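Note sheet for the following structure.
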Amino acid sequence: MTTAVTLVAVGFAGFAALRGLGLERGFPLVPLLAYTPYVAGAAVLAVTAAGLLRRWIPMAVLAVAAAVLVVAVVPRAVPFGVTHAGGPAFRVMTLNTLAGGARIDEIIALVRDREVDVLALQEVTPEFVADLSAAGLDDLLPYTVDRSGPGVTGGTVHSSMPLTDAGSLEGPHGFAMPVAAFEAPGDEYERTVEVVSVHTPPPLDPSHVELWRTELAALTALPEVGPSRILAGDFNATLDHAALRDVLDAGYLDAAAVVGEGLVPTWPTSGRPLPPVTIDHVLVEPFMGVDDLETVEVTGSDHRAVLVTVTLPGGR
């Protein structure tokens with residue numbers, strides 16, 4: 001029994017070291033780190049079990065590992081930051097449409113009922129864009145930056161405000177990540193905001209892990225002078241991945257974590273034998289306020305839509 005408890009303690013300690021030091025590299029360590037919240041819960045239970053068995057040294061090791069993991073995870077469930085920055089507000093929604101399989105009518109209803117101003121879509125085909133238009137999306141969000149493509153490669157940004165096509169951030173082998181710029185309505189400073197529809201490759205096999213890391217690294221290039229930027233989409237990464245924390249360190253906050261909803265899962269919604277994790281995000285710059293965040297299941301997609309109200313700073 002002592003040997004078994006010791007091996008369990010070593011396993012949890014190794015996982016805590018990977019997470020705490022950001023050492024995950026390659027497959028399968030990268031996808032495994034997405035399940036850190038579950039491992040943190042299991043580590044707490046393991047501490048209790050080791051104590052009941054009076055295995056004091058393994059219990060001490062487990063206690064340290066559990067503390068490292070809990071400190072990494074729990075802050076996401078504690079609200080912090082600014083809910084309203086005092087300036088113009090706009091509603092942002094992001095959804096991975098699963099290669100254009102998401103229900104058109106449900107997307108239109110969400111945009112209309114939640115009064116969405118900016119919609120970032122991933123895995124968008126040209127046919128899906130045409131179907132959205134025919135169903136009335138253009139009446140609600142008449143401006144579009146379209147980088148739709150076959151299968152899972154396309155991305156779009158739709159808006160109620162005039163958009164400027166500001167290019168795309170994907171690498172030569174990545175999915176489309178269009179950048180759309182607009183001026184926030186009612187902004188006395190006439191500030192420009194960019195929204196990026198983010199979609200990085202899933203790190204589900206060895207050949208995709210480095211591409212995933214490269215695509216996330218491209219998102220850290222936030223210019224010191226220029227438009228404010230919001231990153232919204234399917235990052236295929238949780239806040240337990242060092243590569244995504246590097247993006248945050250470049251000058252972003254995770255909107256869900258700001259309002260204490262950072263542990264609400266977004267994928268998969270159903271039909272997959274995997275524990276759900278949080279890989280869809282809206283990242284904002286620290287001076288922006290965020291409020292009214294919700295996630296909504298959309299039929300035909302295995303991702304939940306993420307909606308959040310973003311505000312710019314007001315005058316002083």
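Residue numbers start at 1 in each chain; chains themselves are named A, B, ... in the order of the structure tokens; ligands are numbered from 1 in the order shown.
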**Q.** Long-range neighbours of A:Pro31 as a ChimeraX atom specification, 10 Å cut-off, only C-alpha atoms, 6 positions minimum in chain
**A.** /A:24-25,202-205,209,236-238,241
Within 10 Å of stretch 121-136 of chain A: each stretch 228-293 of chain A residue with its shortest pair, only C-alpha atoms, as a Markdown table:
```
| residue | atom | partner | partner_atom | distance |
| --- | --- | --- | --- | --- |
| A:Ala232 | CA | A:Leu121 | CA | 8.8 |
| A:Gly233 | CA | A:Gln122 | CA | 7.0 |
| A:Asp234 | CA | A:Gln122 | CA | 7.2 |
```
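Interatomic distance, atom CA of A:Glu285 to atom CA of A:Asp254: 8.9 Å.
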(Q) Residues near A:Tyr35, anyone? I mean within 8 Å using only C-alpha atoms, not counting same-chain ones fewer than 4 positions away, as a PyMOL selection string. (A) chain A and resi 31+39+275+277
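If you look at atom CA of A:Tyr38 and atom CA of A:Ala16, they are 12.3 Å away from each other.
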Q | Nearest to A:Trp212, chosen from A:Gly226, A:Pro162, A:Pro178, A:Gly171, with only C-alpha atoms counted in the distances | A |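 Once distances to A:Trp212 are computed over only C-alpha atoms, the minimum belongs to A:Gly171.
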Q: Could you check which of A:Val118, A:Val44, A:Leu239, A:Leu62 is closest to A:Phe182, using only C-alpha atoms?
A: A:Val118
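The space separating atom CA of A:Val10 from atom CA of A:Val47 comes to 12.4 Å.
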Q: List the neighbours of stretch 48-55 of chain A out to 7 Å using only C-alpha atoms; skip same-chain residues closer than 4 positions along the sequence, and give me the result as a VMD selection string.
A: chain A and resid 2 5 44 59
Q: Could you tell me which of A:Ala4, A:Ala243, A:Ile230, A:Ala250 comes closest to A:His281 if we count only C-alpha atoms?
A: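 Of the candidates, the smallest distance to A:His281 is held by A:Ile230.
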Q: Looking only at alpha helix (DSSP H) from DSSP on the backbone, list the matching residues of stretch 211-310 of chain A as a PyMOL selection string.
A: chain A and resi 211-218+242-249+255-258
Q.
Under the rule that only C-alpha atoms are counted, which of A:Thr299, A:Thr3, A:Thr269, A:Ser168 is the nearest residue to A:Val195?
A.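 Smallest distance to A:Val195 is found for A:Ser168.
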Q) Can you tell me, as number ranges by chain, what residues are no more than 7 Å from A:Val157 when counting only C-alpha atoms, ignoring any on the same chain fewer than 2 positions away? A) A: 119-121, 144-146, 159, 180, 197
Q: Determine which residues of stretch 52-259 of chain A DSSP labels as strand (DSSP E or B) from the backbone of this structure, then write them out as a VMD selection string.
A: chain A and resid 86 to 96 118 to 122 143 to 147 155 to 159 164 to 168 178 to 183 192 to 199 228 to 234 253 to 254
Q. Counting only C-alpha atoms, what is within 8 Å of A:Val258, bar same-chain residues fewer than 2 positions away, as a list in words?
A.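 Residues meeting the cut-off are Arg76, Val78, Pro79, Phe80, Gly81, Val82, Leu253, Asp254, Ala255, Ala256, Gly260, Glu261, Gly262 and Val290 of chain A.
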Could you write those residues out with N, CA, C and O atoms, as an mmCIF file, in the first residue's frame?
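Output file selection07.cif follows:
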```cif
data_model
loop_
_atom_site.group_PDB
_atom_site.id
_atom_site.type_symbol
_atom_site.label_atom_id
_atom_site.label_comp_id
_atom_site.auth_asym_id
_atom_site.auth_seq_id
_atom_site.Cartn_x
_atom_site.Cartn_y
_atom_site.Cartn_z
ATOM 1 N N ARG A 76 -9.590 31.726 -11.017
ATOM 2 C CA ARG A 76 -10.479 31.900 -12.164
ATOM 3 C C ARG A 76 -11.947 31.962 -11.766
ATOM 4 O O ARG A 76 -12.785 32.431 -12.537
ATOM 5 N N VAL A 78 -12.939 33.560 -9.025
ATOM 6 C CA VAL A 78 -13.071 34.712 -8.126
ATOM 7 C C VAL A 78 -13.101 35.985 -8.967
ATOM 8 O O VAL A 78 -12.126 36.296 -9.653
ATOM 9 N N PRO A 79 -14.206 36.745 -8.946
ATOM 10 C CA PRO A 79 -14.281 37.964 -9.768
ATOM 11 C C PRO A 79 -13.209 38.974 -9.380
ATOM 12 O O PRO A 79 -12.864 39.120 -8.208
ATOM 13 N N PHE A 80 -12.682 39.666 -10.380
ATOM 14 C CA PHE A 80 -11.732 40.750 -10.140
ATOM 15 C C PHE A 80 -11.814 41.689 -11.330
ATOM 16 O O PHE A 80 -12.462 41.406 -12.338
ATOM 17 N N GLY A 81 -11.146 42.826 -11.232
ATOM 18 C CA GLY A 81 -11.059 43.734 -12.368
ATOM 19 C C GLY A 81 -12.287 44.618 -12.500
ATOM 20 O O GLY A 81 -13.113 44.748 -11.601
ATOM 21 N N VAL A 82 -12.405 45.230 -13.674
ATOM 22 C CA VAL A 82 -13.403 46.264 -13.937
ATOM 23 C C VAL A 82 -14.580 45.662 -14.699
ATOM 24 O O VAL A 82 -14.388 45.004 -15.723
ATOM 25 N N LEU A 253 -6.409 40.297 -20.512
ATOM 26 C CA LEU A 253 -7.096 39.599 -19.442
ATOM 27 C C LEU A 253 -8.132 38.673 -20.068
ATOM 28 O O LEU A 253 -8.726 39.002 -21.093
ATOM 29 N N ASP A 254 -8.360 37.524 -19.418
ATOM 30 C CA ASP A 254 -9.418 36.623 -19.859
ATOM 31 C C ASP A 254 -10.735 37.127 -19.280
ATOM 32 O O ASP A 254 -10.900 37.215 -18.052
ATOM 33 N N ALA A 255 -11.698 37.468 -20.141
ATOM 34 C CA ALA A 255 -12.947 38.081 -19.690
ATOM 35 C C ALA A 255 -13.694 37.177 -18.716
ATOM 36 O O ALA A 255 -14.269 37.644 -17.730
ATOM 37 N N ALA A 256 -13.700 35.872 -18.972
ATOM 38 C CA ALA A 256 -14.414 34.954 -18.088
ATOM 39 C C ALA A 256 -13.793 34.936 -16.704
ATOM 40 O O ALA A 256 -14.500 34.912 -15.688
ATOM 41 N N GLY A 260 -15.217 35.926 -12.769
ATOM 42 C CA GLY A 260 -15.323 34.735 -11.948
ATOM 43 C C GLY A 260 -15.947 33.539 -12.625
ATOM 44 O O GLY A 260 -16.410 32.607 -11.955
ATOM 45 N N GLU A 261 -15.938 33.518 -13.974
ATOM 46 C CA GLU A 261 -16.524 32.410 -14.732
ATOM 47 C C GLU A 261 -15.465 31.639 -15.509
ATOM 48 O O GLU A 261 -15.773 30.945 -16.480
ATOM 49 N N GLY A 262 -14.226 31.742 -15.058
ATOM 50 C CA GLY A 262 -13.132 31.160 -15.820
ATOM 51 C C GLY A 262 -13.059 29.653 -15.829
ATOM 52 O O GLY A 262 -12.263 29.087 -16.579
ATOM 53 N N VAL A 290 -15.419 44.434 -18.498
ATOM 54 C CA VAL A 290 -16.189 43.304 -19.030
ATOM 55 C C VAL A 290 -17.339 42.993 -18.072
ATOM 56 O O VAL A 290 -17.208 43.110 -16.851
#
```
